[in-house]
Amino acid sequence: MEIWHNPRCSKSRAAKAALDEAGVAYTERRYLDEPPTAEEFDAVLTGIGAEPWDVARLNEPVAKELGLKDLERDRARWIEIMVANPVLIQRPIVVTGEGAVVARDEESVRKAVGGG
């Protein structure tokens with residue numbers, strides 16, 4: 001199990017604390033410092049069952065600069081942009097052997113650790 005984590009984000013810190021409390025083994029990936037490759041992000045999106053625009057942080061300044069809200073919905077292009085600008089990726093994401101989940105609430109974290 002791996003958590004794509006931003007320690008400056010309260011939801012990300014809460015998810016990490018919930019994983020600690022659950023006692024599950026995981027690795028922490030500070031994805032702003034170590035961005036995913038396009039292939040990794042594509043696989044995570046598939047695991048979540050989402051498209052990149054579904055997990056994009058559209059209110060980030062770089063999203064506005066890039067005109068992301070109005071960008072054509074081309075999966076490969078969006079993935080390319082988001083891995084080049086990882087701040088655009090919603091956080092936290094918990095990657096498991098069975099897939100992945102955007103773990104922004106307790107229910108999602110429980111789902112990631114197999115408890116819901």
# chains A, B, ... in the order shown; residues from 1 in each chain; ligands from 1

call {"tool": "select_by_dssp", "arguments": {"residues": "chain A", "states": "strand (DSSP E)", "output": "PyMOL selection string"}}
result
chain A and resi 2-4+27-29+93-96+99-102

call {"tool": "residues_around", "arguments": {"residues": "range 80-88 of chain A", "least_positions_apart": "3", "cutoff": "6 Å", "atoms": "only C-alpha atoms", "output": "CSV table (one decimal) with all heavy atoms, in the first residue's frame"}}
result
chain,number,residue,atom,x,y,z
A,32,LEU,N,4.5,15.5,-4.7
A,32,LEU,CA,5.0,16.8,-5.2
A,32,LEU,C,6.5,16.7,-5.4
A,32,LEU,O,7.0,17.4,-6.4
A,32,LEU,CB,4.6,17.9,-4.3
A,32,LEU,CG,3.1,18.1,-4.1
A,32,LEU,CD1,2.9,19.3,-3.1
A,32,LEU,CD2,2.4,18.4,-5.4
A,56,ALA,N,-8.6,16.3,-10.9
A,56,ALA,CA,-7.8,17.5,-11.1
A,56,ALA,C,-8.2,18.6,-10.1
A,56,ALA,O,-9.4,18.8,-9.8
A,56,ALA,CB,-8.0,18.0,-12.5
A,57,ARG,N,-7.2,19.3,-9.6
A,57,ARG,CA,-7.5,20.4,-8.7
A,57,ARG,C,-7.5,21.7,-9.6
A,57,ARG,O,-6.5,22.3,-9.9
A,57,ARG,CB,-6.3,20.5,-7.7
A,57,ARG,CG,-6.3,19.3,-6.8
A,57,ARG,CD,-5.1,19.3,-5.8
A,57,ARG,NE,-5.1,20.5,-5.0
A,57,ARG,CZ,-5.7,20.8,-3.9
A,57,ARG,NH1,-6.5,19.8,-3.4
A,57,ARG,NH2,-5.6,21.9,-3.3
A,77,ARG,N,-3.4,13.6,-22.9
A,77,ARG,CA,-2.9,15.0,-22.7
A,77,ARG,C,-3.1,15.5,-21.3
A,77,ARG,O,-2.2,16.1,-20.7
A,77,ARG,CB,-3.7,15.9,-23.7
A,77,ARG,CG,-3.3,17.4,-23.5
A,77,ARG,CD,-1.9,17.7,-24.1
A,77,ARG,NE,-1.6,19.1,-24.0
A,77,ARG,CZ,-0.5,19.5,-23.4
A,77,ARG,NH1,0.4,18.7,-23.0
A,77,ARG,NH2,-0.2,20.8,-23.3

call {"tool": "residues_around", "arguments": {"residues": "Tyr31 in chain A", "least_positions_apart": "6", "cutoff": "8 Å", "atoms": "only C-alpha atoms", "output": "ChimeraX atom specification"}}
result
/A:4-6,86

call {"tool": "residues_around", "arguments": {"residues": "Gly47 in chain A", "least_positions_apart": "3", "cutoff": "6 Å", "atoms": "only C-alpha atoms", "output": "VMD selection string"}}
result
chain A and resid 44 99 to 100

call {"tool": "atom_distance", "arguments": {"atom1": "CA of Val94 in chain A", "atom2": "CA of Pro36 in chain A"}}
result
13.1 Å

call {"tool": "residues_around", "arguments": {"residues": "Cys9 in chain A", "least_positions_apart": "4", "cutoff": "10 Å", "atoms": "only C-alpha atoms", "output": "PDB file with all heavy atoms, in the first residue's frame"}}
result
ATOM      1  N   HIS A   5       1.070  11.544  -0.762  1.00  0.00           N
ATOM      2  CA  HIS A   5       0.852  12.408   0.390  1.00  0.00           C
ATOM      3  C   HIS A   5       1.473  13.789   0.191  1.00  0.00           C
ATOM      4  O   HIS A   5       2.548  13.925  -0.378  1.00  0.00           O
ATOM      5  CB  HIS A   5       1.495  11.714   1.605  1.00  0.00           C
ATOM      6  CG  HIS A   5       1.432  12.462   2.888  1.00  0.00           C
ATOM      7  ND1 HIS A   5       0.248  12.842   3.482  1.00  0.00           N
ATOM      8  CD2 HIS A   5       2.413  12.896   3.705  1.00  0.00           C
ATOM      9  CE1 HIS A   5       0.524  13.465   4.613  1.00  0.00           C
ATOM     10  NE2 HIS A   5       1.827  13.526   4.765  1.00  0.00           N
ATOM     11  N   ARG A  13      -2.932  14.663   5.662  1.00  0.00           N
ATOM     12  CA  ARG A  13      -2.444  14.320   7.007  1.00  0.00           C
ATOM     13  C   ARG A  13      -3.457  13.437   7.734  1.00  0.00           C
ATOM     14  O   ARG A  13      -3.073  12.482   8.432  1.00  0.00           O
ATOM     15  CB  ARG A  13      -2.159  15.579   7.823  1.00  0.00           C
ATOM     16  CG  ARG A  13      -0.939  16.346   7.364  1.00  0.00           C
ATOM     17  CD  ARG A  13      -0.523  17.429   8.353  1.00  0.00           C
ATOM     18  NE  ARG A  13      -1.599  18.308   8.772  1.00  0.00           N
ATOM     19  CZ  ARG A  13      -1.936  19.453   8.187  1.00  0.00           C
ATOM     20  NH1 ARG A  13      -1.267  19.867   7.126  1.00  0.00           N
ATOM     21  NH2 ARG A  13      -2.920  20.193   8.650  1.00  0.00           N
ATOM     22  N   ALA A  14      -4.744  13.736   7.580  1.00  0.00           N
ATOM     23  CA  ALA A  14      -5.782  12.939   8.250  1.00  0.00           C
ATOM     24  C   ALA A  14      -5.802  11.512   7.698  1.00  0.00           C
ATOM     25  O   ALA A  14      -5.947  10.551   8.465  1.00  0.00           O
ATOM     26  CB  ALA A  14      -7.143  13.603   8.071  1.00  0.00           C
ATOM     27  N   ARG A  91      -5.463  14.987  -3.725  1.00  0.00           N
ATOM     28  CA  ARG A  91      -4.770  14.238  -2.689  1.00  0.00           C
ATOM     29  C   ARG A  91      -5.683  14.032  -1.490  1.00  0.00           C
ATOM     30  O   ARG A  91      -6.642  14.789  -1.332  1.00  0.00           O
ATOM     31  CB  ARG A  91      -3.509  15.000  -2.280  1.00  0.00           C
ATOM     32  CG  ARG A  91      -3.861  16.378  -1.717  1.00  0.00           C
ATOM     33  CD  ARG A  91      -2.646  17.252  -1.550  1.00  0.00           C
ATOM     34  NE  ARG A  91      -3.050  18.558  -1.097  1.00  0.00           N
ATOM     35  CZ  ARG A  91      -2.972  19.662  -1.803  1.00  0.00           C
ATOM     36  NH1 ARG A  91      -2.516  19.637  -3.025  1.00  0.00           N
ATOM     37  NH2 ARG A  91      -3.348  20.804  -1.294  1.00  0.00           N
ATOM     38  N   PRO A  92      -5.347  13.062  -0.706  1.00  0.00           N
ATOM     39  CA  PRO A  92      -4.362  12.016  -0.903  1.00  0.00           C
ATOM     40  C   PRO A  92      -4.938  10.878  -1.743  1.00  0.00           C
ATOM     41  O   PRO A  92      -6.153  10.710  -1.814  1.00  0.00           O
ATOM     42  CB  PRO A  92      -4.090  11.536   0.518  1.00  0.00           C
ATOM     43  CG  PRO A  92      -5.422  11.709   1.207  1.00  0.00           C
ATOM     44  CD  PRO A  92      -6.017  12.957   0.596  1.00  0.00           C
TER      45      PRO A  92
END

call {"tool": "atom_distance", "arguments": {"atom1": "CA of Val113 in chain A", "atom2": "CA of Asp42 in chain A"}}
result
21.5 Å
